[in-house]
Amino acid sequence: ASRSPGSGPRSYLAFRDKLTPASGFQSAQMRQIEIVLGLDDALRVHMGSGESYLEALKAHDGSDSPALRRVQAERRGVTLKQAVDEWLYRTPIGGLGPDKSGAEEAVARFVADYESAHASEVDRTAELAVSRARRAADTADLRARFEDEKRQLHTFLHPSAAEGGVRRARIRAAALFIIQNPELPLLAWPREVLSGLVELEQTLLVFRQRHARMVERVIGRRVGTGGSTGVDYLDKTALGARIFADLWALRTFQIQPKANPPPEEPEFYSFRNG
């Protein structure tokens, strides 16, 4: 069907000012979704309007609103990310949970074995890339990039105290252990859970990206009705910090099945009767 001469962005602009200061910032449901998933306040993209996402939910006179109260109540609950982290922390590595004797040593062996296998895979890929380089000048740059991949894995598996130290190290090692060993019967379902979490967050990111393009198509890069930077803000939320950042990072560090180091105590992860 053909559009009428007055349809489209121009017609929207005819009444857009009447929406001010209403904004997507006032979507309590979106804030609740983010909180339930586990988006940390420190990782939120600044709205650029001079107020926090909680202040944006207040009534026009500055008082509490039903939306604000719902969001504040949600902040007191356990998030999905917290629950997943706790589950991963308890995951046995080498057949040993975190409270078992020798657990730290089992994690250290797994990490060392995996870093060694990963380094071999990276070196193999690097040699292949270098052999196909068209210019000799590219060789040094290629080798530097592949060496950086190895350093990234080491940093990831040895987080600083600020990142969570030993506890975060075990959580990351457990996630890597699960996604690299789906052939072990008791790890098949956990791997699907971790893959599902990445897919869930991808769906949220795709929504944000599509929303940004829709807004840009209609109003370009105008200031948002709520005072934000408009499309620039929306783009930052689509490309900003990830809730399940560790699971996304693991995509960089996976290696092919035949290169995977054999897991310790594989029988522990088999189905058992009784």
# chains A, B, ... in the order shown; residues from 1 in each chain; ligands from 1
>>> residues_around(residues="Leu13 of chain A", least_positions_apart="3", cutoff="9 Å", atoms="only C-alpha atoms", output="number ranges by chain")
A: 9-10, 16-17, 218-219
>>> closest_atom_pairs(of="segment 118-221 of chain A", to="segment 67-87 of chain A", cutoff="10 Å", atoms="only C-alpha atoms", output="JSON lines")
{"residue": "A:Arg167", "atom": "CA", "partner": "A:Asp85", "partner_atom": "CA", "distance": 9.5}
{"residue": "A:Arg168", "atom": "CA", "partner": "A:Asp85", "partner_atom": "CA", "distance": 8.5}
{"residue": "A:Arg170", "atom": "CA", "partner": "A:Asp85", "partner_atom": "CA", "distance": 9.7}
{"residue": "A:Ile171", "atom": "CA", "partner": "A:Asp85", "partner_atom": "CA", "distance": 6.3}
{"residue": "A:Arg172", "atom": "CA", "partner": "A:Asp85", "partner_atom": "CA", "distance": 8.9}
{"residue": "A:Ala174", "atom": "CA", "partner": "A:Trp87", "partner_atom": "CA", "distance": 9.5}
{"residue": "A:Ala175", "atom": "CA", "partner": "A:Asp85", "partner_atom": "CA", "distance": 9.4}
{"residue": "A:Pro190", "atom": "CA", "partner": "A:Trp87", "partner_atom": "CA", "distance": 9.9}
{"residue": "A:Val193", "atom": "CA", "partner": "A:Val84", "partner_atom": "CA", "distance": 9.5}
{"residue": "A:Leu194", "atom": "CA", "partner": "A:Val84", "partner_atom": "CA", "distance": 8.9}
{"residue": "A:Leu197", "atom": "CA", "partner": "A:Lys81", "partner_atom": "CA", "distance": 9.5}
>>> residues_around(residues="Tyr269 of chain A", least_positions_apart="2", cutoff="6 Å", atoms="only C-alpha atoms", output="list in words")
Leu184, Leu186, Pro266 and Glu267 of chain A
>>> write_last_selection(atoms="all heavy atoms", output="compact mmCIF listing (two decimals), in the first residue's frame")
# COMPACT_ATOMS: atom_id res chain seq x y z
N LEU A 184 30.83 -35.44 28.23
CA LEU A 184 30.63 -36.06 29.54
C LEU A 184 29.14 -35.94 29.89
O LEU A 184 28.60 -34.83 29.91
CB LEU A 184 31.49 -35.37 30.59
CG LEU A 184 33.01 -35.46 30.39
CD1 LEU A 184 33.74 -34.66 31.46
CD2 LEU A 184 33.47 -36.90 30.38
N LEU A 186 27.11 -35.82 32.43
CA LEU A 186 26.59 -34.87 33.41
C LEU A 186 26.89 -33.42 33.07
O LEU A 186 26.42 -32.50 33.77
CB LEU A 186 27.15 -35.19 34.81
CG LEU A 186 26.66 -36.50 35.44
CD1 LEU A 186 27.22 -36.64 36.85
CD2 LEU A 186 25.14 -36.57 35.46
N PRO A 266 36.97 -38.70 34.49
CA PRO A 266 35.80 -38.62 33.60
C PRO A 266 34.62 -39.47 34.08
O PRO A 266 33.46 -39.13 33.82
CB PRO A 266 36.34 -39.12 32.25
CG PRO A 266 37.54 -39.95 32.62
CD PRO A 266 38.14 -39.28 33.80
N GLU A 267 34.92 -40.56 34.83
CA GLU A 267 33.85 -41.43 35.31
C GLU A 267 32.95 -40.71 36.31
O GLU A 267 31.78 -41.06 36.49
CB GLU A 267 34.43 -42.70 35.94
CG GLU A 267 35.25 -42.49 37.20
CD GLU A 267 36.67 -42.02 36.93
OE1 GLU A 267 37.06 -41.92 35.73
OE2 GLU A 267 37.40 -41.75 37.90
>>> closest_residue(among="A:Asn260, A:His154, A:Phe177, A:Arg213", to="Tyr89 of chain A", atoms="only C-alpha atoms")
A:Phe177
>>> select_by_dssp(residues="segment 107-241 of chain A", states="alpha helix (DSSP H)", output="ChimeraX atom specification")
/A:107-131,137-157,165-180,185-219,231-239
>>> residues_around(residues="Glu216 of chain A", least_positions_apart="3", cutoff="10 Å", atoms="only C-alpha atoms", output="PyMOL selection string")
chain A and resi 210-213+219-222+230-232+234
>>> write_last_selection(atoms="all heavy atoms", output="short mmCIF file (atom, residue, chain, number, x, y, z; two decimals), in the first residue's frame")
data_model
loop_
_atom_site.label_atom_id
_atom_site.label_comp_id
_atom_site.auth_asym_id
_atom_site.auth_seq_id
_atom_site.Cartn_x
_atom_site.Cartn_y
_atom_site.Cartn_z
N ARG A 210 17.98 -3.07 17.08
CA ARG A 210 16.86 -2.77 16.20
C ARG A 210 16.10 -1.52 16.66
O ARG A 210 15.64 -0.72 15.84
CB ARG A 210 15.91 -3.97 16.15
CG ARG A 210 16.49 -5.16 15.36
CD ARG A 210 15.55 -6.34 15.37
NE ARG A 210 16.04 -7.41 14.52
CZ ARG A 210 15.49 -8.61 14.43
NH1 ARG A 210 14.42 -8.90 15.16
NH2 ARG A 210 15.99 -9.53 13.63
N HIS A 211 15.99 -1.37 17.97
CA HIS A 211 15.35 -0.18 18.51
C HIS A 211 16.11 1.06 18.10
O HIS A 211 15.51 2.08 17.68
CB HIS A 211 15.28 -0.29 20.04
CG HIS A 211 14.63 0.87 20.70
ND1 HIS A 211 14.98 1.29 21.98
CD2 HIS A 211 13.68 1.74 20.28
CE1 HIS A 211 14.25 2.34 22.31
NE2 HIS A 211 13.45 2.64 21.31
N ALA A 212 17.44 1.01 18.20
CA ALA A 212 18.27 2.17 17.84
C ALA A 212 18.09 2.53 16.36
O ALA A 212 17.99 3.71 16.00
CB ALA A 212 19.73 1.88 18.15
N ARG A 213 18.06 1.52 15.50
CA ARG A 213 17.92 1.80 14.06
C ARG A 213 16.53 2.34 13.74
O ARG A 213 16.36 3.19 12.85
CB ARG A 213 18.19 0.55 13.25
CG ARG A 213 19.59 -0.04 13.41
CD ARG A 213 20.68 0.80 12.74
NE ARG A 213 20.97 2.07 13.38
CZ ARG A 213 21.67 2.20 14.54
NH1 ARG A 213 22.14 1.13 15.16
NH2 ARG A 213 21.92 3.38 15.04
N ILE A 219 13.80 9.80 13.71
CA ILE A 219 14.17 11.14 14.18
C ILE A 219 15.65 11.46 14.01
O ILE A 219 16.12 12.50 14.47
CB ILE A 219 13.80 11.32 15.67
CG1 ILE A 219 14.61 10.36 16.56
CG2 ILE A 219 12.31 11.16 15.88
CD1 ILE A 219 14.51 10.69 18.04
N GLY A 220 16.40 10.58 13.34
CA GLY A 220 17.81 10.85 13.16
C GLY A 220 18.55 10.86 14.48
O GLY A 220 18.34 9.99 15.32
N ARG A 221 19.39 11.87 14.68
CA ARG A 221 20.21 11.92 15.90
C ARG A 221 19.83 13.11 16.78
O ARG A 221 20.68 13.74 17.40
CB ARG A 221 21.70 11.93 15.54
CG ARG A 221 22.08 10.67 14.79
CD ARG A 221 23.52 10.29 14.92
NE ARG A 221 23.71 8.92 14.40
CZ ARG A 221 23.98 7.88 15.15
NH1 ARG A 221 24.11 8.02 16.46
NH2 ARG A 221 24.13 6.69 14.62
N ARG A 222 18.54 13.38 16.83
CA ARG A 222 18.05 14.43 17.71
C ARG A 222 18.24 14.05 19.18
O ARG A 222 18.39 12.89 19.52
CB ARG A 222 16.55 14.65 17.47
CG ARG A 222 16.21 15.41 16.20
CD ARG A 222 14.70 15.51 16.06
NE ARG A 222 14.30 16.46 15.04
CZ ARG A 222 14.28 16.17 13.74
NH1 ARG A 222 14.63 14.97 13.32
NH2 ARG A 222 13.91 17.09 12.86
N GLY A 230 19.86 10.50 22.70
CA GLY A 230 19.09 9.84 21.64
C GLY A 230 19.72 8.57 21.13
O GLY A 230 20.07 7.67 21.89
N VAL A 231 19.91 8.51 19.82
CA VAL A 231 20.43 7.30 19.18
C VAL A 231 21.83 6.96 19.69
O VAL A 231 22.18 5.78 19.83
CB VAL A 231 20.43 7.45 17.65
CG1 VAL A 231 21.16 6.28 16.98
CG2 VAL A 231 19.00 7.50 17.13
N ASP A 232 22.63 7.96 19.99
CA ASP A 232 23.98 7.69 20.51
C ASP A 232 23.89 6.88 21.81
O ASP A 232 24.66 5.94 22.03
CB ASP A 232 24.73 9.00 20.78
CG ASP A 232 25.18 9.67 19.49
OD1 ASP A 232 25.23 8.98 18.46
OD2 ASP A 232 25.48 10.87 19.53
N LEU A 234 21.34 4.94 22.72
CA LEU A 234 20.81 3.61 22.40
C LEU A 234 21.91 2.72 21.82
O LEU A 234 21.96 1.53 22.12
CB LEU A 234 19.65 3.74 21.41
CG LEU A 234 18.41 4.49 21.94
CD1 LEU A 234 17.37 4.62 20.82
CD2 LEU A 234 17.82 3.76 23.14
#
>>> closest_atom_pairs(of="segment 182-210 of chain A", to="segment 35-50 of chain A", cutoff="12 Å", atoms="only C-alpha atoms", output="CSV")
residue,atom,partner,partner_atom,distance
A:Leu197,CA,A:Leu37,CA,9.7
A:Val198,CA,A:Leu37,CA,11.7
A:Leu200,CA,A:Leu37,CA,9.7
A:Glu201,CA,A:Leu37,CA,8.9
A:Leu204,CA,A:Leu37,CA,10.7
>>> closest_residue(among="A:Ala22, A:Ala106, A:Ile255, A:Leu88", to="Ala56 of chain A", atoms="only C-alpha atoms")
A:Ala22
>>> residues_around(residues="Gln256 of chain A", least_positions_apart="6", cutoff="12 Å", atoms="only C-alpha atoms", output="mmCIF file with N, CA, C and O atoms, in the first residue's frame")
data_model
loop_
_atom_site.group_PDB
_atom_site.id
_atom_site.type_symbol
_atom_site.label_atom_id
_atom_site.label_comp_id
_atom_site.auth_asym_id
_atom_site.auth_seq_id
_atom_site.Cartn_x
_atom_site.Cartn_y
_atom_site.Cartn_z
ATOM 1 N N TYR A 114 44.810 -26.647 30.055
ATOM 2 C CA TYR A 114 44.043 -25.982 29.004
ATOM 3 C C TYR A 114 44.855 -24.863 28.353
ATOM 4 O O TYR A 114 44.832 -24.703 27.126
ATOM 5 N N ALA A 117 47.179 -26.476 25.899
ATOM 6 C CA ALA A 117 46.482 -26.940 24.693
ATOM 7 C C ALA A 117 46.055 -25.748 23.841
ATOM 8 O O ALA A 117 46.157 -25.776 22.602
ATOM 9 N N HIS A 118 45.581 -24.698 24.483
ATOM 10 C CA HIS A 118 45.163 -23.493 23.772
ATOM 11 C C HIS A 118 46.348 -22.850 23.055
ATOM 12 O O HIS A 118 46.238 -22.429 21.887
ATOM 13 N N SER A 120 49.027 -24.301 21.954
ATOM 14 C CA SER A 120 49.380 -25.116 20.785
ATOM 15 C C SER A 120 48.440 -24.846 19.623
ATOM 16 O O SER A 120 48.864 -24.759 18.461
ATOM 17 N N GLU A 121 47.143 -24.708 19.932
ATOM 18 C CA GLU A 121 46.160 -24.421 18.892
ATOM 19 C C GLU A 121 46.401 -23.036 18.280
ATOM 20 O O GLU A 121 46.339 -22.869 17.057
ATOM 21 N N VAL A 122 46.682 -22.064 19.127
ATOM 22 C CA VAL A 122 46.935 -20.712 18.636
ATOM 23 C C VAL A 122 48.187 -20.685 17.773
ATOM 24 O O VAL A 122 48.212 -20.048 16.706
ATOM 25 N N THR A 125 47.400 -22.159 14.372
ATOM 26 C CA THR A 125 46.636 -21.222 13.555
ATOM 27 C C THR A 125 47.512 -20.058 13.102
ATOM 28 O O THR A 125 47.386 -19.577 11.964
ATOM 29 N N ILE A 179 31.854 -26.111 28.923
ATOM 30 C CA ILE A 179 31.634 -25.950 27.480
ATOM 31 C C ILE A 179 32.645 -26.730 26.648
ATOM 32 O O ILE A 179 32.386 -27.014 25.475
ATOM 33 N N GLN A 180 33.778 -27.109 27.253
ATOM 34 C CA GLN A 180 34.770 -27.873 26.499
ATOM 35 C C GLN A 180 34.585 -29.387 26.644
ATOM 36 O O GLN A 180 35.245 -30.149 25.946
ATOM 37 N N ASN A 181 33.700 -29.806 27.550
ATOM 38 C CA ASN A 181 33.528 -31.247 27.769
ATOM 39 C C ASN A 181 32.056 -31.673 27.726
ATOM 40 O O ASN A 181 31.577 -32.373 28.625
#
>>> residues_around(residues="Leu19 of chain A", least_positions_apart="4", cutoff="10 Å", atoms="only C-alpha atoms", output="list in words")
Phe15, Ser23, Thr225 and Gly226 of chain A
>>> write_last_selection(atoms="all heavy atoms", output="tab-separated table (two decimals), in the first residue's frame")
chain	number	residue	atom	x	y	z
A	15	PHE	N	3.83	15.96	16.38
A	15	PHE	CA	3.32	15.83	17.76
A	15	PHE	C	4.38	15.38	18.75
A	15	PHE	O	4.11	15.24	19.94
A	15	PHE	CB	2.13	14.85	17.81
A	15	PHE	CG	2.47	13.42	17.50
A	15	PHE	CD1	2.95	12.57	18.49
A	15	PHE	CD2	2.30	12.91	16.22
A	15	PHE	CE1	3.26	11.25	18.22
A	15	PHE	CE2	2.61	11.58	15.94
A	15	PHE	CZ	3.08	10.76	16.93
A	23	SER	N	9.97	9.42	28.25
A	23	SER	CA	11.16	8.77	27.69
A	23	SER	C	11.11	7.27	27.92
A	23	SER	O	10.42	6.79	28.84
A	23	SER	CB	12.42	9.34	28.35
A	23	SER	OG	13.56	8.58	28.00
A	225	THR	N	13.50	12.80	23.82
A	225	THR	CA	12.45	13.56	24.52
A	225	THR	C	12.70	13.64	26.01
A	225	THR	O	12.25	14.57	26.68
A	225	THR	CB	11.07	12.93	24.27
A	225	THR	OG1	11.13	11.52	24.56
A	225	THR	CG2	10.62	13.15	22.84
A	226	GLY	N	13.43	12.66	26.56
A	226	GLY	CA	13.75	12.69	27.98
A	226	GLY	C	15.06	13.38	28.29
A	226	GLY	O	15.53	13.38	29.43
>>> atom_distance(atom1="atom CA of His60 of chain A", atom2="atom CA of Gly227 of chain A")
14.4 Å
>>> closest_residue(among="A:Ser116, A:Thr91, A:Ser52, A:Gln26", to="Ile178 of chain A", atoms="only C-alpha atoms")
A:Thr91
>>> residues_around(residues="Asp141 of chain A", least_positions_apart="5", cutoff="12 Å", atoms="only C-alpha atoms", output="ChimeraX atom specification")
/A:126,129-130,133,135-136,146-148
>>> write_last_selection(atoms="C-alpha atoms", output="short mmCIF file (atom, residue, chain, number, x, y, z; two decimals), in the first residue's frame")
data_model
loop_
_atom_site.label_atom_id
_atom_site.label_comp_id
_atom_site.auth_asym_id
_atom_site.auth_seq_id
_atom_site.Cartn_x
_atom_site.Cartn_y
_atom_site.Cartn_z
CA ALA A 126 49.31 -18.52 13.63
CA ALA A 129 47.96 -17.41 8.87
CA VAL A 130 51.61 -16.40 8.45
CA ALA A 133 50.23 -13.65 4.44
CA ARG A 135 53.19 -9.23 2.60
CA ALA A 136 56.24 -9.94 4.73
CA PHE A 146 48.03 -14.47 18.17
CA GLU A 147 50.39 -14.04 21.11
CA ASP A 148 47.88 -11.57 22.53
#
